[in-house]
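The next block is structure.cif, given as mmCIF, C-alpha atoms.
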```cif
data_work
#
loop_
_atom_site.label_atom_id
_atom_site.label_comp_id
_atom_site.auth_asym_id
_atom_site.auth_seq_id
_atom_site.Cartn_x
_atom_site.Cartn_y
_atom_site.Cartn_z
CA MET A 1 100.08 162.72 99.45
CA PRO A 2 101.11 162.55 95.79
CA PHE A 3 101.11 159.30 93.91
CA LYS A 4 104.50 157.71 93.46
CA ARG A 5 103.79 154.53 91.48
CA PHE A 6 102.33 155.19 88.03
CA VAL A 7 100.95 152.95 85.36
CA GLU A 8 103.50 153.41 82.60
CA ILE A 9 105.26 151.30 80.06
CA GLY A 10 107.90 149.37 81.90
CA ARG A 11 106.22 149.44 85.32
CA VAL A 12 106.61 146.11 87.10
CA ALA A 13 103.41 144.93 88.74
CA LEU A 14 102.23 141.97 90.79
CA ILE A 15 99.12 140.08 89.71
CA ASN A 16 96.90 139.88 92.76
CA TYR A 17 93.88 137.96 91.45
CA GLY A 18 93.23 135.15 89.07
CA LYS A 19 95.04 132.26 87.52
CA ASP A 20 98.47 133.95 87.62
CA TYR A 21 98.17 135.08 91.21
CA GLY A 22 101.53 136.14 92.61
CA ARG A 23 103.32 136.58 89.30
CA LEU A 24 105.53 139.59 88.57
CA VAL A 25 104.77 141.16 85.18
CA VAL A 26 105.83 144.20 83.22
CA ILE A 27 103.26 146.59 81.76
CA VAL A 28 104.10 146.65 78.10
CA ASP A 29 101.20 148.68 76.71
CA VAL A 30 97.99 150.30 77.83
CA ILE A 31 94.91 149.10 75.96
CA ASP A 32 92.25 151.33 77.36
CA GLN A 33 91.02 152.89 80.57
CA THR A 34 90.75 149.55 82.27
CA ARG A 35 93.18 147.14 80.69
CA ALA A 36 96.87 146.79 80.09
CA LEU A 37 99.00 144.49 78.02
CA VAL A 38 101.42 142.69 80.31
CA ASP A 39 104.32 140.41 79.67
CA ALA A 40 106.83 138.38 81.62
CA PRO A 41 109.76 136.22 80.50
CA ASP A 42 107.95 132.97 81.20
CA MET A 43 104.43 133.75 80.04
CA VAL A 44 102.49 134.55 76.92
CA ARG A 45 101.86 138.27 76.53
CA SER A 46 98.25 138.95 77.51
CA GLN A 47 95.80 141.60 78.56
CA ILE A 48 94.82 142.09 82.15
CA ASN A 49 92.56 144.45 84.03
CA PHE A 50 94.31 147.10 86.13
CA LYS A 51 92.22 146.02 89.07
CA ARG A 52 94.10 142.74 89.04
CA LEU A 53 97.47 144.46 89.26
CA SER A 54 99.33 145.85 92.24
CA LEU A 55 102.01 148.31 91.11
CA THR A 56 105.50 148.00 92.53
CA ASP A 57 108.36 150.48 92.80
CA ILE A 58 110.37 148.80 90.10
CA LYS A 59 110.57 150.14 86.56
CA VAL A 60 112.11 148.64 83.48
CA ASP A 61 113.44 150.72 80.57
CA ILE A 62 111.59 149.49 77.46
CA LYS A 63 109.87 150.89 74.42
CA ARG A 64 106.15 150.29 73.85
CA VAL A 65 105.51 146.55 73.16
CA PRO A 66 109.08 145.30 72.95
CA LYS A 67 110.06 141.93 71.51
CA LYS A 68 110.35 139.16 74.07
CA LYS A 69 114.13 139.13 73.72
CA ASP A 70 114.35 142.85 74.35
CA LEU A 71 112.04 142.57 77.33
CA VAL A 72 114.13 139.82 78.88
CA LYS A 73 117.33 141.82 78.34
CA ALA A 74 115.81 144.96 79.77
CA MET A 75 114.59 143.08 82.83
CA GLU A 76 118.05 141.72 83.42
CA ASP A 77 119.60 145.16 83.05
CA ALA A 78 117.18 146.58 85.57
CA ASP A 79 117.89 143.57 87.83
CA VAL A 80 114.18 143.15 88.57
CA LYS A 81 114.52 139.76 90.25
CA ASN A 82 117.11 140.81 92.80
CA LYS A 83 115.50 144.15 93.49
CA TRP A 84 112.20 142.40 94.12
CA GLU A 85 113.65 139.76 96.40
CA LYS A 86 115.51 142.38 98.42
CA SER A 87 112.54 144.71 98.78
CA SER A 88 110.54 144.32 101.96
CA TRP A 89 107.34 143.49 100.01
CA GLY A 90 109.15 140.77 98.09
CA ARG A 91 110.75 139.36 101.22
CA LYS A 92 107.41 139.18 102.98
CA LEU A 93 105.93 137.20 100.10
CA ILE A 94 108.82 134.77 100.17
CA VAL A 95 108.34 134.21 103.90
CA LYS A 96 104.61 133.66 103.41
CA LYS A 97 105.28 131.05 100.76
CA ARG A 98 107.81 129.28 102.98
CA ARG A 99 105.41 129.21 105.91
CA ALA A 100 102.64 127.77 103.77
CA SER A 101 104.87 124.98 102.52
CA LEU A 102 106.00 123.79 105.95
CA ASN A 103 105.07 120.22 106.64
CA ASP A 104 103.87 118.90 110.00
CA PHE A 105 107.36 117.99 111.22
CA ASP A 106 108.68 121.41 110.18
CA ARG A 107 105.92 123.12 112.10
CA PHE A 108 106.86 121.09 115.17
CA LYS A 109 110.52 122.05 114.84
CA LEU A 110 109.48 125.67 114.38
CA MET A 111 107.50 125.52 117.60
CA LEU A 112 110.51 124.15 119.49
CA ALA A 113 112.71 126.88 118.04
CA LYS A 114 110.24 129.59 119.05
CA ILE A 115 110.09 128.25 122.59
CA LYS A 116 113.88 128.19 122.80
CA ARG A 117 114.17 131.73 121.51
CA ALA A 118 111.53 132.97 123.93
CA ALA A 119 113.37 131.29 126.81
CA VAL A 120 116.62 133.02 125.88
CA VAL A 121 114.89 136.37 125.58
CA ARG A 122 113.20 135.94 128.92
CA GLN A 123 116.49 135.05 130.60
CA GLU A 124 118.10 138.19 129.24
CA LEU A 125 115.16 140.25 130.35
CA ALA A 126 115.36 138.78 133.84
CA LYS A 127 119.04 139.65 133.97
CA LEU A 128 118.38 143.20 132.88
CA LYS A 129 115.55 143.57 135.40
CA LYS A 130 117.88 142.42 138.17
CA THR A 131 120.53 145.02 137.39
CA ALA A 132 117.99 147.83 136.86
CA MET G 133 105.36 71.95 75.49
CA ALA G 134 107.07 75.23 74.59
CA PRO G 135 104.78 78.26 75.09
CA LYS G 136 102.84 79.02 71.89
CA LYS G 137 103.72 82.25 70.10
CA PRO G 138 100.64 84.42 69.42
CA ARG G 139 99.64 83.59 65.84
CA VAL G 140 100.10 86.33 63.24
CA THR G 141 97.23 86.40 60.74
CA ARG G 142 98.01 86.12 57.07
CA ASN G 143 94.92 88.21 56.32
CA PRO G 144 95.67 91.94 56.55
CA GLU G 145 92.84 94.06 57.90
CA LEU G 146 91.33 96.59 55.50
CA ILE G 147 88.90 97.96 58.03
CA ARG G 148 87.79 96.50 61.34
CA GLY G 149 85.97 93.27 60.56
CA ILE G 150 86.92 93.07 56.89
CA GLY G 151 90.03 91.26 55.74
CA LYS G 152 91.73 91.59 52.41
CA TYR G 153 91.31 87.97 51.36
CA SER G 154 88.14 85.87 50.94
CA ARG G 155 87.49 82.52 52.59
CA SER G 156 88.65 80.56 49.57
CA GLN G 157 91.76 82.72 49.15
CA MET G 158 92.61 82.21 52.84
CA TYR G 159 92.07 78.46 52.46
CA HIS G 160 94.67 78.47 49.73
CA LYS G 161 97.06 80.78 51.62
CA ARG G 162 96.99 78.66 54.77
CA GLY G 163 97.87 75.62 52.73
CA ILE G 164 95.00 73.46 53.98
CA TRP G 165 95.00 71.84 50.50
CA ALA G 166 98.66 70.78 51.00
CA ILE G 167 98.02 69.36 54.47
CA LYS G 168 95.04 67.42 53.14
CA ALA G 169 97.06 66.07 50.24
CA LYS G 170 99.79 64.95 52.64
CA HIS G 171 97.29 63.03 54.76
CA GLY G 172 95.41 61.36 51.88
CA GLY G 173 92.46 63.66 51.28
CA ALA G 174 91.25 64.40 54.82
CA PHE G 175 92.40 66.95 57.33
CA PRO G 176 94.23 65.11 60.14
CA ARG G 177 92.20 64.88 63.30
CA HIS G 178 92.76 63.27 66.64
CA ASP G 179 90.03 61.16 68.16
CA PRO G 180 88.81 62.62 71.45
CA LYS G 181 90.46 61.07 74.51
CA PRO G 182 88.16 58.70 76.36
CA LYS G 183 86.71 60.64 79.30
CA PRO G 184 86.85 59.00 82.73
CA HIS G 185 83.45 57.43 83.43
CA ALA G 186 81.51 59.84 85.73
CA PRO G 187 79.82 58.03 88.68
CA ALA G 188 76.08 57.50 88.09
CA GLN G 189 74.05 60.09 90.06
CA LYS G 190 70.97 58.87 91.92
CA PRO G 191 67.81 60.85 91.14
CA PRO G 192 66.95 63.14 94.12
CA LYS G 193 64.37 61.82 96.63
CA PHE G 194 62.59 65.13 97.01
CA TYR G 195 61.62 67.86 94.55
CA PRO G 196 60.34 71.07 96.17
CA ALA G 197 56.78 72.04 95.20
CA ASP G 198 57.54 75.66 94.37
CA ASP G 199 60.51 76.94 92.44
CA VAL G 200 63.48 77.51 94.71
CA LYS G 201 65.13 80.83 94.00
CA ARG G 202 68.85 80.56 93.63
CA PRO G 203 70.98 83.66 94.33
CA LEU G 204 72.90 85.02 91.36
CA VAL G 205 76.46 83.83 91.06
CA ASN G 206 78.96 86.39 92.43
CA LYS G 207 82.60 85.65 91.73
CA HIS G 208 83.73 88.97 93.17
CA LYS G 209 86.75 88.53 95.42
CA PRO G 210 87.32 91.30 97.96
CA LYS G 211 90.68 93.07 97.58
CA PRO G 212 92.46 94.99 100.31
CA ALA G 213 91.73 98.71 100.20
CA LYS G 214 93.94 100.67 97.83
CA LEU G 215 96.67 102.39 99.78
CA ARG G 216 96.96 106.12 99.32
CA ALA G 217 100.09 107.18 97.43
CA SER G 218 101.19 109.32 100.37
CA ILE G 219 101.35 106.31 102.70
CA THR G 220 104.48 104.20 102.24
CA PRO G 221 106.24 101.95 104.77
CA GLY G 222 107.99 104.23 107.24
CA THR G 223 105.60 107.17 106.89
CA VAL G 224 104.62 109.04 110.02
CA LEU G 225 100.83 109.00 110.29
CA ILE G 226 98.52 111.09 112.45
CA LEU G 227 95.70 109.03 113.99
CA LEU G 228 92.41 110.85 113.90
CA ALA G 229 90.05 108.71 115.94
CA GLY G 230 89.98 106.23 118.72
CA ARG G 231 91.92 106.03 121.94
CA PHE G 232 95.10 107.37 120.38
CA LYS G 233 93.64 110.27 118.42
CA GLY G 234 96.16 112.93 117.61
CA LYS G 235 99.13 110.63 118.15
CA ARG G 236 101.85 110.56 115.55
CA VAL G 237 102.71 107.01 114.71
CA VAL G 238 104.97 105.04 112.32
CA PHE G 239 103.38 103.00 109.53
CA LEU G 240 104.84 99.54 109.03
CA LYS G 241 102.83 97.72 106.39
CA GLN G 242 99.37 97.07 105.00
CA LEU G 243 97.81 93.81 106.19
CA PRO G 244 95.88 91.52 103.85
CA SER G 245 92.59 92.80 105.28
CA GLY G 246 93.44 96.31 104.13
CA LEU G 247 94.11 97.71 107.58
CA LEU G 248 97.39 99.43 108.29
CA LEU G 249 99.87 97.94 110.78
CA VAL G 250 101.20 100.73 112.92
CA THR G 251 103.44 101.16 115.96
CA GLY G 252 104.12 104.15 118.26
CA PRO G 253 106.89 103.09 118.93
CA PHE G 254 105.46 102.04 122.28
CA LYS G 255 108.30 103.56 124.30
CA ILE G 256 107.84 106.96 122.72
CA ASN G 257 104.11 107.50 122.72
CA GLY G 258 102.38 104.44 124.14
CA VAL G 259 100.88 103.21 120.89
CA PRO G 260 101.49 99.45 120.60
CA LEU G 261 101.56 97.36 117.44
CA ARG G 262 98.08 98.08 116.25
CA ARG G 263 95.81 97.91 113.26
CA VAL G 264 94.31 101.13 111.99
CA ASN G 265 91.97 101.95 109.14
CA GLN G 266 93.36 104.07 106.37
CA SER G 267 90.36 106.41 106.46
CA TYR G 268 91.10 107.54 109.99
CA VAL G 269 94.62 108.60 109.32
CA ILE G 270 96.47 111.58 107.88
CA GLY G 271 99.65 110.66 106.03
CA THR G 272 102.43 113.17 106.63
CA SER G 273 105.38 113.59 104.32
CA THR G 274 107.84 112.65 107.08
CA LYS G 275 109.41 109.23 106.54
CA VAL G 276 111.35 107.02 108.95
CA ASP G 277 113.90 104.50 107.74
CA ILE G 278 112.20 101.16 108.27
CA SER G 279 114.69 98.85 106.56
CA GLY G 280 115.94 97.38 109.83
CA VAL G 281 112.51 96.15 110.89
CA ASN G 282 111.11 92.72 110.02
CA VAL G 283 107.33 92.80 109.91
CA ASP G 284 106.71 89.57 108.01
CA LYS G 285 105.26 87.69 110.96
CA PHE G 286 102.37 90.08 111.53
CA ASP G 287 99.04 89.52 109.85
CA ASP G 288 95.36 89.76 110.75
CA LYS G 289 95.33 86.44 112.61
CA TYR G 290 97.92 87.83 115.04
CA PHE G 291 95.40 90.45 116.12
CA ALA G 292 92.35 88.18 116.34
CA LYS G 293 90.48 88.22 119.64
CA GLU G 294 90.86 85.07 121.72
CA ALA G 295 87.66 83.01 121.91
CA LYS G 296 85.98 83.66 125.28
CA LYS G 297 85.55 80.69 127.59
CA LYS G 298 81.99 80.07 128.80
CA LYS G 299 81.43 81.38 132.35
CA THR G 300 79.71 79.13 134.91
CA LYS G 301 76.70 80.87 136.45
CA GLY G 302 77.08 80.34 140.18
CA GLU G 303 76.17 83.37 142.32
CA GLY G 304 79.10 83.16 144.70
CA GLU G 305 81.47 82.17 141.95
CA PHE G 306 80.22 84.90 139.65
CA PHE G 307 82.01 87.75 141.37
CA GLU G 308 85.23 85.87 141.83
CA ALA G 309 85.26 84.78 138.20
CA GLU G 310 84.92 88.40 137.07
CA LYS G 311 88.01 89.42 138.95
CA GLU G 312 90.12 86.78 137.24
CA GLU G 313 88.96 87.74 133.75
CA LYS G 314 91.56 90.50 133.33
CA ASN G 315 93.28 90.25 129.99
CA VAL G 316 97.01 89.89 130.43
CA LEU G 317 99.00 90.61 127.32
CA PRO G 318 100.96 87.45 126.49
CA GLN G 319 104.73 87.82 126.87
CA GLU G 320 105.18 86.85 123.22
CA LYS G 321 103.40 90.00 122.08
CA LYS G 322 105.46 92.15 124.41
CA ASP G 323 108.62 90.65 122.94
CA ASP G 324 107.40 91.29 119.41
CA GLN G 325 106.79 94.91 120.35
CA LYS G 326 110.31 95.18 121.74
CA THR G 327 112.02 93.72 118.69
CA VAL G 328 110.15 95.99 116.30
CA ASP G 329 110.71 99.03 118.45
CA THR G 330 114.43 98.66 119.10
CA ALA G 331 115.12 98.57 115.38
CA LEU G 332 112.88 101.57 114.83
CA LEU G 333 114.26 103.59 117.72
CA LYS G 334 117.73 103.55 116.21
CA ALA G 335 116.41 105.02 112.99
CA ILE G 336 114.32 107.57 114.86
CA GLU G 337 117.09 108.79 117.13
CA SER G 338 119.32 109.46 114.15
CA VAL G 339 116.97 112.29 113.08
CA PRO G 340 117.06 115.31 115.44
CA ASP G 341 113.76 116.17 117.17
CA LEU G 342 111.93 113.21 115.59
CA LYS G 343 111.60 111.43 118.94
CA SER G 344 109.88 114.38 120.63
CA TYR G 345 107.80 114.88 117.48
CA LEU G 346 106.45 111.36 117.74
CA GLY G 347 105.82 111.82 121.44
CA ALA G 348 103.71 114.92 120.92
CA ARG G 349 100.06 114.87 119.94
CA PHE G 350 98.77 116.77 116.95
CA SER G 351 96.07 119.39 117.44
CA LEU G 352 94.59 122.19 115.42
CA LYS G 353 95.50 125.58 116.80
CA ALA G 354 94.02 128.98 116.07
CA GLY G 355 94.49 130.02 112.47
CA MET G 356 95.32 126.55 111.16
CA LYS G 357 93.19 125.72 108.18
CA PRO G 358 93.30 121.96 107.51
CA HIS G 359 92.54 122.35 103.84
CA GLU G 360 95.50 124.71 103.45
CA LEU G 361 97.95 122.87 105.67
CA VAL G 362 100.69 120.87 104.04
CA PHE G 363 101.16 117.63 105.94
#
```

Show the structure stored in the file as C-alpha cells.
Amino acid sequence: MPFKRFVEIGRVALINYGKDYGRLVVIVDVIDQTRALVDAPDMVRSQINFKRLSLTDIKVDIKRVPKKKDLVKAMEDADVKNKWEKSSWGRKLIVKKRRASLNDFDRFKLMLAKIKRAAVVRQELAKLKKTA
Amino acid sequence: MAPKKPRVTRNPELIRGIGKYSRSQMYHKRGIWAIKAKHGGAFPRHDPKPKPHAPAQKPPKFYPADDVKRPLVNKHKPKPAKLRASITPGTVLILLAGRFKGKRVVFLKQLPSGLLLVTGPFKINGVPLRRVNQSYVIGTSTKVDISGVNVDKFDDKYFAKEAKKKKTKGEGEFFEAEKEEKNVLPQEKKDDQKTVDTALLKAIESVPDLKSYLGARFSLKAGMKPHELVF
C-alpha cells in the first residue's frame, strides 16, 4: 500500500485540531520535521504542526512561499473550492455542518420527511414481495 | 417656564479639578460686578416664600426604655426579570417542567411580575393561557406571527387564585360540601382563550407542519447532545 498523498509545497490540507478547525489551507513551506508553513486566502500565513493537518488529494501549482496574490491566483486556477466541494470528503463535511445547524423545527420536519420516505420504501418493498 | 439649557462654564478645564481662571477672575468674567452695580451695590435676592405653618406635633406619650432598632432604609424596587434576547413575542418555547413539560408553546408577552404569558394554542396541544417562568423554558428560533393577537387585557391579576370561602364543619355536610368544591373554569376565561387562539391558529396554519410541530412533545433522543443542539 504505497502512500498517495505527500507533504509537498502546494498540497492542500485540512486543519483538524485547534482554533482553525475545519479550514482548508495550502502547505507553502516546510519548516522542519514537525512543522509546516501554511497559508489560505483569508488567513495570515502561519506555522502549524503536521499532526494538526489532514492531507487531501488536491494540489496547487505554486513555488515555495508565494506572495498572497500568487497563491490566490494559483488556487483559483486549480479550482480548489469546487474540487473540494465535489469530493466525497468535502460533501460529507458540508452535510455534517448542515445537520449541526438545524434548529428544533427543522429537526421535526426532517423526522416527518424520514417517516414519509420510509413509508414509500416499505410500500415498494411490499409490492415487490407480492410479485416475487 | 421654558426648560433650562445646561449651563456652559466660562472656565476652561486645564486638568480635572483645576480651571484656568481664579476666583477673582471668574467673578469679573461672570459680570457679578455689573449685576451688583445695576441693583445698587447688592446682589439681587428674593426673600424666601413664607412656608405653610406645619401643625404643632404633640410630644409622644410613651418613650421605650431601650433603643428601638430601626431597619435600614431600602428603596430598592423589584423589576421584572430581564427577558432573554432569544425570547420575543411569537417565539415557540419548549416547556421544561411542570404538567406540560416537553410541550412546544407560543410566547405572547412578559407580564409585569416577570413571568411569561404563554398559550398552546389550547386546541393544538392542550396548554391554556398560562404563566411560565423564564428559567424553565428553552427559547427556540422558530417565530409565529403574533400581530393579530391582542394580549393587553392579561396581567398577573387575571391569574390570581380566587379567595377560598370558609367551609362549615358539620360531619354530614362535610362530604357533600367537598363534592361541590370542583373548580369550574369561568366562561369568560374560556372565551378569552378562544379569541387568542383563533387569531393565532390562522398564523400557525399558514406555515406548513407548524401545527403538528406544536402538537408534538420535545424529547431528547439517543445521540442528541443538548449543549451542541441548535434550538

List the spatial neighbours of Arg142 in chain G as a PDB file with C-alpha atoms, in the coordinates of the input - criterion: any atom at most 8 Å away, all atoms listed in the file, same-chain residues fewer than 5 positions off excluded.
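Generated output (selection.pdb):
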```pdb
ATOM      1  CA  MET G 158      92.610  82.210  52.840  1.00  0.00           C
ATOM      2  CA  LYS G 161      97.060  80.780  51.620  1.00  0.00           C
ATOM      3  CA  ARG G 162      96.990  78.660  54.770  1.00  0.00           C
TER       4      ARG G 162
END
```

Inset, instruction - Show me as a ChimeraX atom specification the residues that reach within 12 Å of (98.2, 137.4, 76.0), counting only C-alpha atoms and using the file's own coordinates. - result: /A:25,27-29,35-40,42-48

Would you tabulate, counting all atoms listed in the file, all residues of chain G that have an atom at most 10 Å from an atom of chain A, showing the closest pair of atoms and their distance in Å to one decimal, sorted by chain then ascending number, as a tab-separated table?
```
residue	atom	partner	partner_atom	distance
G:Val224	CA	A:Phe105	CA	9.4
G:Ile226	CA	A:Asp104	CA	9.8
G:Thr272	CA	A:Asp104	CA	6.8
G:Ser273	CA	A:Asn103	CA	7.0
G:Thr274	CA	A:Phe105	CA	6.8
G:Pro340	CA	A:Lys109	CA	9.4
G:Asp341	CA	A:Lys109	CA	7.1
G:Leu342	CA	A:Phe105	CA	7.9
G:Ser344	CA	A:Phe108	CA	9.2
G:Tyr345	CA	A:Phe108	CA	6.7
G:Leu346	CA	A:Phe105	CA	9.3
G:Ala348	CA	A:Phe108	CA	9.0
G:Phe350	CA	A:Asp104	CA	8.9
G:Glu360	CA	A:Ala100	CA	7.8
G:Leu361	CA	A:Ala100	CA	7.0
G:Val362	CA	A:Asn103	CA	5.1
G:Phe363	CA	A:Asn103	CA	4.7
```

Inset, instruction - Evaluate the PyMOL selection byres ((chain A and resi 1-9) around 8) and record the selected residues as an MDAnalysis selection string, following the chain and residue labels used in the document. - result: chainID A and resid 10:11 26:30 55:57 62:64

Could you check which residues have any atom within 10 Å of (107.5, 99.7, 105.9), counting only C-alpha atoms with coordinates taken straight from the file, and then list them as a PDB file with C-alpha atoms, in the coordinates of the input?
```
ATOM      1  CA  ILE G 219     101.350 106.310 102.700  1.00  0.00           C
ATOM      2  CA  THR G 220     104.480 104.200 102.240  1.00  0.00           C
ATOM      3  CA  PRO G 221     106.240 101.950 104.770  1.00  0.00           C
ATOM      4  CA  GLY G 222     107.990 104.230 107.240  1.00  0.00           C
ATOM      5  CA  THR G 223     105.600 107.170 106.890  1.00  0.00           C
ATOM      6  CA  VAL G 238     104.970 105.040 112.320  1.00  0.00           C
ATOM      7  CA  PHE G 239     103.380 103.000 109.530  1.00  0.00           C
ATOM      8  CA  LEU G 240     104.840  99.540 109.030  1.00  0.00           C
ATOM      9  CA  LYS G 241     102.830  97.720 106.390  1.00  0.00           C
ATOM     10  CA  GLN G 242      99.370  97.070 105.000  1.00  0.00           C
ATOM     11  CA  LEU G 249      99.870  97.940 110.780  1.00  0.00           C
ATOM     12  CA  VAL G 250     101.200 100.730 112.920  1.00  0.00           C
ATOM     13  CA  LYS G 275     109.410 109.230 106.540  1.00  0.00           C
ATOM     14  CA  VAL G 276     111.350 107.020 108.950  1.00  0.00           C
ATOM     15  CA  ASP G 277     113.900 104.500 107.740  1.00  0.00           C
ATOM     16  CA  ILE G 278     112.200 101.160 108.270  1.00  0.00           C
ATOM     17  CA  SER G 279     114.690  98.850 106.560  1.00  0.00           C
ATOM     18  CA  GLY G 280     115.940  97.380 109.830  1.00  0.00           C
ATOM     19  CA  VAL G 281     112.510  96.150 110.890  1.00  0.00           C
ATOM     20  CA  ASN G 282     111.110  92.720 110.020  1.00  0.00           C
ATOM     21  CA  VAL G 283     107.330  92.800 109.910  1.00  0.00           C
TER      22      VAL G 283
END
```

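CA of Arg262 in chain G is found 14.5 Å from CA of Asp323 in chain G.
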
Inset, instruction - Evaluate the PyMOL selection byres ((chain G and resi 327) around 12) on the structure here and hand back the selected residues as number ranges by chain. - result: G: 251, 253-255, 261, 280-283, 285, 320-326, 328-334

Legend entry - Pick from G:Leu146, G:Ile270, G:Ile164, G:Ala186 nearest to Ala217 in chain G, counting only C-alpha atoms: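 Smallest separation from Ala217 in chain G among the options: G:Ile270.
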
Inset, instruction - Could you please determine the separation between CA of Leu247 in chain G and CA of Lys214 in chain G in Å, to one decimal place? - result: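 Between these atoms lies a distance of 10.2 Å.
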
Inset, instruction - Could you tell me which of G:Lys137, G:Ile150, G:Pro212, G:Gly234 comes closest to Ser351 in chain G if we count all atoms listed in the file? - result: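 For Ser351 in chain G, the nearest of the given residues is G:Gly234.
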
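Interatomic distance, CA of Lys170 in chain G to CA of Ser154 in chain G: 24.0 Å.
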
Legend entry - Residue neighbourhood Ser87 in chain A, 12 Å, all atoms listed in the file, exclusion window fewer than 6 positions, as a list in words: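 Those residues are Thr56, Asp57, Ile58, Val80, Lys81, Leu93 and Ile94 of chain A.
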
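For the set A:Asp70, A:Asp20, A:Lys83, A:Asp77, the residue with the smallest atom-to-atom gap to Arg52 in chain A is A:Asp20, counting all atoms listed in the file.
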
Legend entry - Lys233 in chain G surroundings by only C-alpha atoms, 12 Å radius, close-in-sequence under 4 positions cut, as a ChimeraX atom specification: /G:225-229,237,257-259,264,268-270,348-351

Mind giving me the axis-aligned box for range 101-119 of chain A with 6 Å on every side, centre plus edges in Å to one decimal, as AutoDock Vina command-line options?
```
--center_x 109.0 --center_y 125.5 --center_z 114.7 --size_x 22.3 --size_y 27.0 --size_z 36.3
```

Inset, instruction - Within 9 Å of Ala74 in chain A, counting only C-alpha atoms, which residues show up once you throw out same-chain ones fewer than 4 positions away? Write them as an NGL selection string, please. - result: :A and (60-62 or 69-70 or 78-79)
